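Structure file entry.txt (compact mmCIF, C-alpha atoms) follows.
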# COMPACT_ATOMS: atom_id res chain seq x y z
CA MET E 1 153.12 102.86 77.83
CA ILE E 2 149.62 102.37 79.23
CA GLN E 3 149.35 105.85 80.74
CA ASP E 4 150.45 107.47 77.49
CA TYR E 5 147.91 105.39 75.56
CA LEU E 6 145.09 106.51 77.90
CA GLU E 7 146.14 110.16 77.71
CA ALA E 8 146.34 109.99 73.92
CA PHE E 9 142.94 108.28 73.65
CA ASN E 10 141.21 110.81 75.89
CA ALA E 11 142.89 113.69 74.04
CA GLY E 12 141.76 112.37 70.65
CA ASP E 13 145.35 111.84 69.46
CA TYR E 14 144.65 108.67 67.47
CA ARG E 15 148.01 108.64 65.72
CA ARG E 16 149.67 108.43 69.15
CA VAL E 17 147.16 105.75 70.21
CA ALA E 18 148.06 103.71 67.12
CA SER E 19 151.78 104.11 67.83
CA HIS E 20 151.27 101.80 70.81
CA TRP E 21 150.28 99.01 68.42
CA ALA E 22 152.61 96.74 66.47
CA GLU E 23 152.43 97.14 62.69
CA ASP E 24 150.71 93.73 62.56
CA GLY E 25 148.48 94.39 65.57
CA VAL E 26 144.99 92.86 65.73
CA HIS E 27 142.16 94.28 67.82
CA GLN E 28 138.85 92.52 68.42
CA PRO E 29 136.61 95.38 69.58
CA PRO E 30 133.41 94.86 71.57
CA MET E 31 131.28 95.42 68.47
CA GLY E 32 132.13 94.94 64.84
CA PRO E 33 134.80 93.08 62.93
CA GLU E 34 138.41 92.72 64.00
CA VAL E 35 140.80 95.48 62.99
CA ARG E 36 144.22 94.57 61.55
CA GLY E 37 147.30 96.72 61.19
CA ARG E 38 148.45 100.00 62.72
CA ALA E 39 146.99 102.25 59.99
CA ALA E 40 143.59 100.53 60.19
CA LEU E 41 143.69 100.78 63.99
CA GLU E 42 144.33 104.52 63.84
CA GLU E 43 141.33 104.98 61.56
CA PHE E 44 139.17 102.68 63.70
CA TYR E 45 139.92 104.71 66.84
CA ARG E 46 139.33 107.97 65.00
CA GLN E 47 135.97 106.95 63.56
CA SER E 48 134.54 105.07 66.54
CA SER E 49 135.78 107.44 69.25
CA GLU E 50 134.88 110.67 67.50
CA ALA E 51 131.41 109.40 66.55
CA MET E 52 130.69 108.41 70.15
CA ASN E 53 132.82 111.04 71.94
CA ALA E 54 134.40 108.14 73.87
CA ARG E 55 136.58 108.59 76.96
CA ILE E 56 138.24 106.04 79.25
CA SER E 57 138.49 106.39 83.03
CA ASP E 58 138.87 104.26 86.18
CA TYR E 59 141.56 102.17 84.49
CA SER E 60 143.28 99.33 86.32
CA ASN E 61 145.30 96.37 85.13
CA GLU E 62 147.26 93.31 86.08
CA CYS E 63 150.40 92.58 84.03
CA HIS E 64 152.40 89.38 83.73
CA PHE E 65 155.72 89.47 81.90
CA ALA E 66 157.24 86.46 80.14
CA GLY E 67 160.48 87.38 78.42
CA ASP E 68 159.70 89.80 75.60
CA HIS E 69 155.93 89.46 76.05
CA VAL E 70 153.44 90.99 78.45
CA PHE E 71 149.94 89.69 79.17
CA VAL E 72 147.54 92.31 80.50
CA ARG E 73 144.10 91.93 82.05
CA GLU E 74 142.38 95.28 82.38
CA SER E 75 139.19 96.91 83.58
CA PHE E 76 137.98 100.40 82.82
CA THR E 77 134.99 102.64 82.47
CA VAL E 78 134.09 104.02 79.07
CA THR E 79 131.88 107.06 78.73
CA VAL E 80 130.21 107.67 75.38
CA GLN E 81 127.71 110.16 74.06
CA PRO E 82 126.13 108.97 70.82
CA PRO E 83 124.86 111.84 68.66
CA GLY E 84 121.54 113.12 69.94
CA GLN E 85 121.53 110.83 72.99
CA GLU E 86 122.31 111.03 76.67
CA THR E 87 125.78 110.24 77.98
CA ILE E 88 126.24 106.55 78.79
CA THR E 89 128.85 105.21 81.20
CA LEU E 90 129.67 101.51 80.98
CA PRO E 91 132.22 99.20 82.59
CA GLY E 92 134.57 97.31 80.31
CA LYS E 93 137.21 94.63 80.43
CA GLY E 94 140.02 93.62 78.16
CA LEU E 95 142.85 91.21 77.57
CA TRP E 96 145.86 92.11 75.50
CA ILE E 97 149.27 90.80 74.64
CA GLY E 98 152.21 93.08 74.01
CA ARG E 99 155.73 92.42 72.91
CA LYS E 100 159.03 94.21 73.10
CA GLU E 101 159.92 95.18 69.56
CA ALA E 102 163.32 95.58 67.88
CA ASP E 103 163.40 99.32 68.74
CA GLY E 104 162.97 98.47 72.45
CA ALA E 105 159.38 99.76 72.63
CA TRP E 106 156.57 97.65 74.09
CA ARG E 107 153.61 97.48 71.69
CA THR E 108 150.31 95.64 71.65
CA PHE E 109 149.96 92.99 68.96
CA TRP E 110 146.68 91.37 70.02
CA ALA E 111 143.77 92.70 72.06
CA LEU E 112 140.23 91.68 72.94
CA ALA E 113 137.83 94.13 74.60
CA ARG E 114 134.31 93.90 75.96
CA ILE E 115 131.88 96.48 77.18
CA ASP E 116 129.31 95.34 79.75
CA GLN E 117 125.71 96.24 79.07
CA PRO E 118 123.96 98.44 81.63
CA GLU E 119 121.80 96.76 84.23
CA PRO E 120 118.11 96.94 83.31
CA ALA E 121 116.07 99.39 85.34
CA PRO E 122 113.96 97.76 88.07
CA ALA E 123 110.38 97.16 86.99
Give the structure from the file, written as structure tokens.
Amino acid sequence: MIQDYLEAFNAGDYRRVASHWAEDGVHQPPMGPEVRGRAALEEFYRQSSEAMNARISDYSNECHFAGDHVFVRESFTVTVQPPGQETITLPGKGLWIGRKEADGAWRTFWALARIDQPEPAPA
């Protein structure tokens, strides 16, 4: 599930990214308001990732399963290139909860992400 999500994100396949979310999924991104529902999540990923040319790398996680739920703590590197600006690479962290749905697929239903700000340049 996680590897397919990362491949889809980096390939710009936002419909496939959204398919990893429950219909009632809620994402609290690092900036901006929370995003609710699979269709809204697909559009959020499309708009924010395409505008910033975002890519994820150096992904690692720790998963804990409890019945039909999984709790995931993750770390990653996100590389973005805002229009007209230099490429920026930032570390990020996240927490998400997934559940096994009726069709047997594991999907995220709640996620919180943060992007760390770059260290200031020495004076």
Next on the checklist: I'd like the contact shell of Val17 of chain E - 10 Å cut-off, all atoms listed in the file, skipping same-chain residues fewer than 6 positions apart - returned as a list in words.
Outcome noted: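 The residues that qualify are Ile2, Asp4, Tyr5, Leu6, Glu7, Ala8, Phe9, Asn10, Ala11, Arg38, Leu41, Glu42, Tyr45 and Arg46 of chain E.
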Would you compute, for all listed atoms of segment 56-63 of chain E, the axis-aligned bounding box grown by 3 Å on each side, and then report its centre and edge lengths in Å rounded to one decimal, as JSON?
{"center_x": 144.3, "center_y": 99.5, "center_z": 82.8, "size_x": 18.2, "size_y": 19.8, "size_z": 13.1}
Item to check | Distance criterion (only C-alpha atoms): nearest to Gln28 of chain E out of E:Tyr59, E:Phe65, E:Phe76, E:Trp96 | outcome: E:Trp96
Next on the checklist: Taking only C-alpha atoms into account, name the residue in E:Pro29, E:Gly98, E:Pro91, E:Gly12 that is nearest to Ser60 of chain E.
Outcome noted: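 When distances to Ser60 of chain E are compared using only C-alpha atoms, the smallest one comes from E:Pro91.
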Checklist entry - Which is closer to Leu95 of chain E than all the others in E:Pro83, E:Glu50, E:Ala18, E:Phe71, using all atoms listed in the file? => result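 Smallest distance to Leu95 of chain E is found for E:Phe71.
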Checklist entry - Please, what distance in Å, to one decimal, runs between atom CA of Phe109 of chain E and atom CA of Asp24 of chain E? => result 6.5 Å
Checklist entry - How many Å lie between atom CA of Arg73 of chain E and atom CA of Gly92 of chain E, rounded to one decimal? => result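 The value is 11.1 Å.
The interatomic distance for the pair atom CA of Val72 of chain E and atom CA of Ala113 of chain E works out to 11.5 Å.
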Item to check | Counting all atoms listed in the file, the option among E:Ile97, E:Leu112, E:Ala22, E:Ala102 closest to Glu62 of chain E | outcome: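 Nearest candidate to Glu62 of chain E out of E:Ile97, E:Leu112, E:Ala22, E:Ala102: E:Ile97.
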Item to check | Ala51 of chain E environment, 9 Å, only C-alpha atoms, sequence neighbours closer than 2 positions dropped, as a ChimeraX atom specification | outcome: /E:46-49,53-54,81-83
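Distances from E:Glu86, E:Cys63, E:His69, E:Arg15 to Arg107 of chain E were compared using only C-alpha atoms, and the smallest one belongs to E:His69.
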Next on the checklist: From the options E:Thr87, E:Thr108, E:Ala66, E:Ile115, which residue's atoms come nearest to Gly25 of chain E, counting only C-alpha atoms?
Outcome noted: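 Smallest separation from Gly25 of chain E among the options: E:Thr108.
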